[in-house]
Amino acid sequence: MVVTNTAEVSALVESDYDRATELKAFDESKAGVKGLVDSGVTKVPRIFIRPPEDLDNPTDPNKTQLSIPVIDFKGFDTDPIQRKEIIDKVGDASEACGFFQVINHGIPDSIMEEMKNGVRRFYEQDNEVKKRLYTRDITRSLVYNSNFDLYHSSAANWRDTFYCFMAPNPLMPEELPEACRDVLTEYSKQVMKLGFSLFELLSEALSLNPNHLNEMDCAEGLAVVCHYYPACPQPELTLGTSKHSDNDFFTVLLQDHIGGLQVLHNNQWVDVHPVPGALVVNIGDLLQLISNDKFKSVEHRVLANNEGPRVSVACFFSTSFQPSSKLYGPIKELLSEDNPPLYRETTVKDFVDYLATDGIDSPLRHFRL
Ligand code: OGA
Ligand code: NI
């Protein structure tokens, strides 16, 4: 926007001032978006409203709509023929669109159901109890708030979130919220196990030794992020989660039946339809970096919905919170004269901190040679 006269300048300053005040009031309520909905709002407050270009979905009828593959993992660890097929599918999906869904992954349905119920219980408990956990202090073992980037983003998302780190040092049960204490511990263990297997399959899909990515400590750290997207009175004005890519190795996402997750492919938003019993896997920026762009970290978002609440649990494989001098760059075995390194080496912490200081530019671009 080009500001041409003082009236516009003061209008800008005034709207900025209001926004800051409104953000602070919302934050200090410590009740999140759920609190707004409980108080009966029928209109989306303006701190959440996005410009139309953030919300539209350009659909080109000449382009065929990609569909996100659903891969059946049955037999991946027992049957060599099935395993080979699964590796091919995982590799193709990771190259083509960076997203796939997995069924028969080995995590029991009952644990996934209980995990989603536990997240709902957390958000739907007595607000006075929940409020005590609301914080912007990211050194806390459990961080619960609404919009981790509330004061930096151009518009707030219609979502509340809590997260904690469950590997390499899982939190003690008493540090976890009572509403989902046991299941969070059990679910994290199961995701770690699946993650280890996924890194083996992804290593093989890169024609590396099956242990390669695990030996690089890719499966060492896990952050468990539990989202709650309350029903929104005007879902066409805001988003549940704005466009972003994940800055980890990969993410294992459990979503409920509501839907709204979309992936950007050829400049079109493609739905990741909820599939009962499935987990969504998406490649993160760090895996794109070490695979030298073979695997793609793809932008995605979540629409606001008017049917919710929608809950999801995103498990991020990353060690960003465990300062280590270990360097990550394009894997040497993948490089050749025809495939020179595209990125310089970085520690996981520097990579993630770059994002923290500049939420707009992608760290991948920053570390590109
Ligand atoms: C994320 C994310 C999607 C969802 O947490 O990075 O993309 O469905 N979540 O909540
Ligand atoms: Ni994401």
# chains A, B, ... in the order shown; residues from 1 in each chain; ligands from 1
>>> select_by_dssp(residues="region 75-169 of chain A", states="alpha helix (DSSP H)", output="MDAnalysis selection string")
chainID A and resid 80:96 109:124 127:131
>>> residues_around(residues="region 138-141 of chain A", least_positions_apart="5", cutoff="8 Å", atoms="only C-alpha atoms", output="list in words")
Cys164, Phe165, Leu171 and Glu175 of chain A
>>> closest_atom_pairs(of="chain A", to="ligand 1", cutoff="6 Å", atoms="only C-alpha atoms and all ligand atoms", output="Markdown table")
| residue | atom | partner | partner_atom_place_in_ligand_line | distance |
| --- | --- | --- | --- | --- |
| A:His227 | CA | ligand 1 | 10 (O) | 5.9 |
| A:Asp246 | CA | ligand 1 | 6 (O) | 5.6 |
| A:Gln255 | CA | ligand 1 | 8 (O) | 5.8 |
| A:Leu261 | CA | ligand 1 | 8 (O) | 5.2 |
| A:Val302 | CA | ligand 1 | 8 (O) | 5.9 |
| A:Ser312 | CA | ligand 1 | 10 (O) | 4.9 |
| A:Ala314 | CA | ligand 1 | 5 (O) | 5.1 |
>>> residues_near_ligand(ligand="ligand 2", cutoff="10 Å", atoms="only C-alpha atoms and all ligand atoms", output="list in words")
Thr241, Ser242, Lys243, His244, Ser245, Asp246, Asn247, Asp248, Phe250, Thr251, Val252, Leu253, Leu261, Val263, Asn282, Ile283, Gly284, Ser297, Val298, Glu299, His300, Arg301, Val302, Ala314, Cys315 and Phe316 of chain A
>>> closest_residue(among="A:Met166, A:Ala231, A:Leu150, A:Val270", to="Gly35 (chain A)", atoms="only C-alpha atoms")
A:Ala231
>>> closest_residue(among="A:Ser154, A:Ser94, A:Thr135, A:Gln322", to="Lys294 (chain A)", atoms="only C-alpha atoms")
A:Ser94
>>> closest_residue(among="A:Ala304, A:Leu279, A:Ile290, A:Leu208", to="Gly259 (chain A)", atoms="only C-alpha atoms")
A:Ala304
>>> residues_around(residues="Asn339 (chain A)", least_positions_apart="6", cutoff="12 Å", atoms="only C-alpha atoms", output="JSON, numbers by chain")
{"A": [291, 292, 293, 294, 330, 331, 332, 333]}
>>> write_last_selection(atoms="all heavy atoms", output="mmCIF file, in the first residue's frame")
data_model
loop_
_atom_site.group_PDB
_atom_site.id
_atom_site.type_symbol
_atom_site.label_atom_id
_atom_site.label_comp_id
_atom_site.auth_asym_id
_atom_site.auth_seq_id
_atom_site.Cartn_x
_atom_site.Cartn_y
_atom_site.Cartn_z
ATOM 1 N N SER A 291 17.581 -34.115 1.483
ATOM 2 C CA SER A 291 17.392 -34.944 0.283
ATOM 3 C C SER A 291 17.749 -34.146 -0.980
ATOM 4 O O SER A 291 17.547 -34.622 -2.097
ATOM 5 C CB SER A 291 15.956 -35.472 0.195
ATOM 6 O OG SER A 291 15.055 -34.429 -0.148
ATOM 7 N N ASN A 292 18.266 -32.927 -0.787
ATOM 8 C CA ASN A 292 18.689 -32.072 -1.909
ATOM 9 C C ASN A 292 17.541 -31.860 -2.906
ATOM 10 O O ASN A 292 17.715 -31.998 -4.116
ATOM 11 C CB ASN A 292 19.920 -32.678 -2.615
ATOM 12 C CG ASN A 292 20.809 -31.620 -3.248
ATOM 13 O OD1 ASN A 292 20.956 -30.514 -2.721
ATOM 14 N ND2 ASN A 292 21.391 -31.951 -4.399
ATOM 15 N N ASP A 293 16.374 -31.558 -2.360
ATOM 16 C CA ASP A 293 15.164 -31.239 -3.146
ATOM 17 C C ASP A 293 14.469 -32.437 -3.773
ATOM 18 O O ASP A 293 13.521 -32.264 -4.548
ATOM 19 C CB ASP A 293 15.443 -30.211 -4.265
ATOM 20 C CG ASP A 293 15.321 -28.782 -3.770
ATOM 21 O OD1 ASP A 293 15.006 -28.586 -2.574
ATOM 22 O OD2 ASP A 293 15.551 -27.856 -4.580
ATOM 23 N N LYS A 294 14.931 -33.678 -3.484
ATOM 24 C CA LYS A 294 14.219 -34.818 -4.062
ATOM 25 C C LYS A 294 12.830 -34.920 -3.422
ATOM 26 O O LYS A 294 11.827 -35.055 -4.111
ATOM 27 C CB LYS A 294 15.004 -36.106 -3.837
ATOM 28 C CG LYS A 294 14.440 -37.295 -4.591
ATOM 29 C CD LYS A 294 15.493 -38.367 -4.781
ATOM 30 C CE LYS A 294 14.937 -39.676 -5.265
ATOM 31 N NZ LYS A 294 14.698 -39.684 -6.718
ATOM 32 N N PRO A 330 22.824 -31.456 2.403
ATOM 33 C CA PRO A 330 22.450 -32.503 1.454
ATOM 34 C C PRO A 330 23.299 -33.765 1.684
ATOM 35 O O PRO A 330 24.514 -33.672 1.848
ATOM 36 C CB PRO A 330 22.740 -31.851 0.102
ATOM 37 C CG PRO A 330 22.568 -30.383 0.365
ATOM 38 C CD PRO A 330 23.085 -30.163 1.750
ATOM 39 N N ILE A 331 22.632 -34.914 1.730
ATOM 40 C CA ILE A 331 23.309 -36.187 2.033
ATOM 41 C C ILE A 331 24.325 -36.508 0.929
ATOM 42 O O ILE A 331 23.969 -36.543 -0.265
ATOM 43 C CB ILE A 331 22.252 -37.312 2.175
ATOM 44 C CG1 ILE A 331 21.377 -37.048 3.404
ATOM 45 C CG2 ILE A 331 22.909 -38.695 2.262
ATOM 46 C CD1 ILE A 331 20.152 -37.941 3.503
ATOM 47 N N LYS A 332 25.578 -36.729 1.343
ATOM 48 C CA LYS A 332 26.690 -36.900 0.392
ATOM 49 C C LYS A 332 26.403 -37.994 -0.636
ATOM 50 O O LYS A 332 26.682 -37.838 -1.823
ATOM 51 C CB LYS A 332 27.991 -37.240 1.131
ATOM 52 C CG LYS A 332 28.429 -36.198 2.162
ATOM 53 C CD LYS A 332 29.184 -35.035 1.506
ATOM 54 C CE LYS A 332 29.678 -34.001 2.494
ATOM 55 N NZ LYS A 332 28.688 -33.421 3.424
ATOM 56 N N GLU A 333 25.836 -39.108 -0.170
ATOM 57 C CA GLU A 333 25.582 -40.251 -1.063
ATOM 58 C C GLU A 333 24.613 -39.910 -2.185
ATOM 59 O O GLU A 333 24.514 -40.655 -3.161
ATOM 60 C CB GLU A 333 25.014 -41.443 -0.266
ATOM 61 C CG GLU A 333 26.019 -42.175 0.603
ATOM 62 C CD GLU A 333 26.296 -41.481 1.948
ATOM 63 O OE1 GLU A 333 25.879 -40.310 2.123
ATOM 64 O OE2 GLU A 333 26.937 -42.102 2.802
#
>>> closest_residue(among="A:Thr78, A:Thr161, A:Gln101, A:Asn214", to="Gly277 (chain A)", atoms="only C-alpha atoms")
A:Gln101
>>> closest_residue(among="A:Val280, A:Leu213, A:Asp72, A:Gly308", to="Lys89 (chain A)", atoms="only C-alpha atoms")
A:Asp72
>>> closest_atom_pairs(of="region 185-299 of chain A", to="region 18-32 of chain A", cutoff="12 Å", atoms="only C-alpha atoms", output="CSV")
residue,atom,partner,partner_atom,distance
A:His227,CA,A:Gly32,CA,11.6
A:Tyr228,CA,A:Gly32,CA,9.9
A:Tyr229,CA,A:Gly32,CA,10.4
A:Pro230,CA,A:Gly32,CA,9.9
>>> write_last_selection(atoms="C-alpha atoms", output="JSON list (two decimals), in the first residue's frame")
[["chain", "number", "residue", "atom", "x", "y", "z"],
["A", 227, "HIS", "CA", -4.87, -28.11, 17.83],
["A", 228, "TYR", "CA", -8.51, -27.18, 18.48],
["A", 229, "TYR", "CA", -10.45, -25.38, 15.74],
["A", 230, "PRO", "CA", -13.77, -24.20, 17.20]]
>>> closest_residue(among="A:Asn117, A:Asn169, A:Asn305, A:Gln262", to="Cys232 (chain A)", atoms="only C-alpha atoms")
A:Asn305
>>> select_by_dssp(residues="region 95-254 of chain A", states="strand (DSSP E or B)", output="NGL selection string")
:A and (99-103 or 134 or 142-145 or 160-167 or 222-229 or 239-244 or 250-254)
>>> residues_around(residues="region 121-133 of chain A", least_positions_apart="5", cutoff="8 Å", atoms="only C-alpha atoms", output="VMD selection string")
chain A and resid 30 to 31 34 142 to 144 177 to 180 228
>>> residues_around(residues="Ser203 (chain A)", least_positions_apart="4", cutoff="10 Å", atoms="only C-alpha atoms", output="ChimeraX atom specification")
/A:87,91,197-199,207-214,291
>>> residues_around(residues="Asp353 (chain A)", least_positions_apart="5", cutoff="12 Å", atoms="only C-alpha atoms", output="compact mmCIF listing (two decimals) with C-alpha atoms, in the first residue's frame")
# COMPACT_ATOMS: atom_id res chain seq x y z
CA ASN A 247 10.17 -26.81 9.42
CA SER A 320 15.19 -27.80 17.30
CA PHE A 321 14.72 -27.54 21.05
CA PRO A 323 20.73 -27.43 20.93
CA THR A 346 23.18 -25.87 9.08
CA THR A 347 22.37 -26.95 12.59
CA VAL A 348 18.72 -27.71 13.17
CA ASP A 358 11.53 -13.92 9.76
CA GLY A 359 8.25 -15.77 9.50
CA SER A 362 11.32 -19.70 3.82
CA PRO A 363 14.46 -20.92 5.60
CA HIS A 366 17.81 -18.66 2.97
>>> residues_around(residues="region 216-220 of chain A", least_positions_apart="2", cutoff="8 Å", atoms="only C-alpha atoms", output="PyMOL selection string")
chain A and resi 167-168+192+195-196+199+212-214+222+249+317-319
>>> decode(residues="region 112-129 of chain A", atoms="N, CA and C atoms", output="short mmCIF file (atom, residue, chain, number, x, y, z; two decimals), in the first residue's frame")
data_model
loop_
_atom_site.label_atom_id
_atom_site.label_comp_id
_atom_site.auth_asym_id
_atom_site.auth_seq_id
_atom_site.Cartn_x
_atom_site.Cartn_y
_atom_site.Cartn_z
N MET A 112 -5.86 -43.82 18.73
CA MET A 112 -6.08 -42.58 17.97
C MET A 112 -7.38 -41.89 18.42
N GLU A 113 -8.42 -42.70 18.64
CA GLU A 113 -9.70 -42.13 19.10
C GLU A 113 -9.52 -41.47 20.47
N GLU A 114 -8.84 -42.20 21.36
CA GLU A 114 -8.64 -41.68 22.72
C GLU A 114 -7.78 -40.40 22.69
N MET A 115 -6.82 -40.36 21.76
CA MET A 115 -5.98 -39.16 21.64
C MET A 115 -6.84 -37.95 21.25
N LYS A 116 -7.70 -38.13 20.25
CA LYS A 116 -8.58 -37.01 19.85
C LYS A 116 -9.53 -36.62 20.99
N ASN A 117 -10.07 -37.65 21.68
CA ASN A 117 -10.97 -37.35 22.82
C ASN A 117 -10.23 -36.60 23.91
N GLY A 118 -8.97 -36.98 24.14
CA GLY A 118 -8.16 -36.32 25.17
C GLY A 118 -7.95 -34.84 24.82
N VAL A 119 -7.72 -34.55 23.56
CA VAL A 119 -7.53 -33.16 23.13
C VAL A 119 -8.84 -32.38 23.34
N ARG A 120 -9.95 -33.00 22.96
CA ARG A 120 -11.25 -32.33 23.19
C ARG A 120 -11.47 -32.09 24.68
N ARG A 121 -11.14 -33.10 25.50
CA ARG A 121 -11.32 -32.93 26.96
C ARG A 121 -10.48 -31.77 27.48
N PHE A 122 -9.24 -31.66 26.97
CA PHE A 122 -8.37 -30.56 27.42
C PHE A 122 -9.05 -29.21 27.16
N TYR A 123 -9.50 -29.01 25.91
CA TYR A 123 -10.04 -27.70 25.55
C TYR A 123 -11.40 -27.45 26.16
N GLU A 124 -12.15 -28.52 26.46
CA GLU A 124 -13.52 -28.35 26.94
C GLU A 124 -13.63 -28.43 28.46
N GLN A 125 -12.46 -28.51 29.15
CA GLN A 125 -12.49 -28.53 30.62
C GLN A 125 -12.83 -27.13 31.15
N ASP A 126 -12.99 -27.05 32.45
CA ASP A 126 -13.28 -25.78 33.11
C ASP A 126 -12.22 -24.74 32.74
N ASN A 127 -12.70 -23.58 32.27
CA ASN A 127 -11.76 -22.58 31.77
C ASN A 127 -10.80 -22.05 32.85
N GLU A 128 -11.26 -22.00 34.08
CA GLU A 128 -10.39 -21.50 35.16
C GLU A 128 -9.19 -22.43 35.34
N VAL A 129 -9.39 -23.71 35.14
CA VAL A 129 -8.29 -24.68 35.28
C VAL A 129 -7.36 -24.58 34.06
#
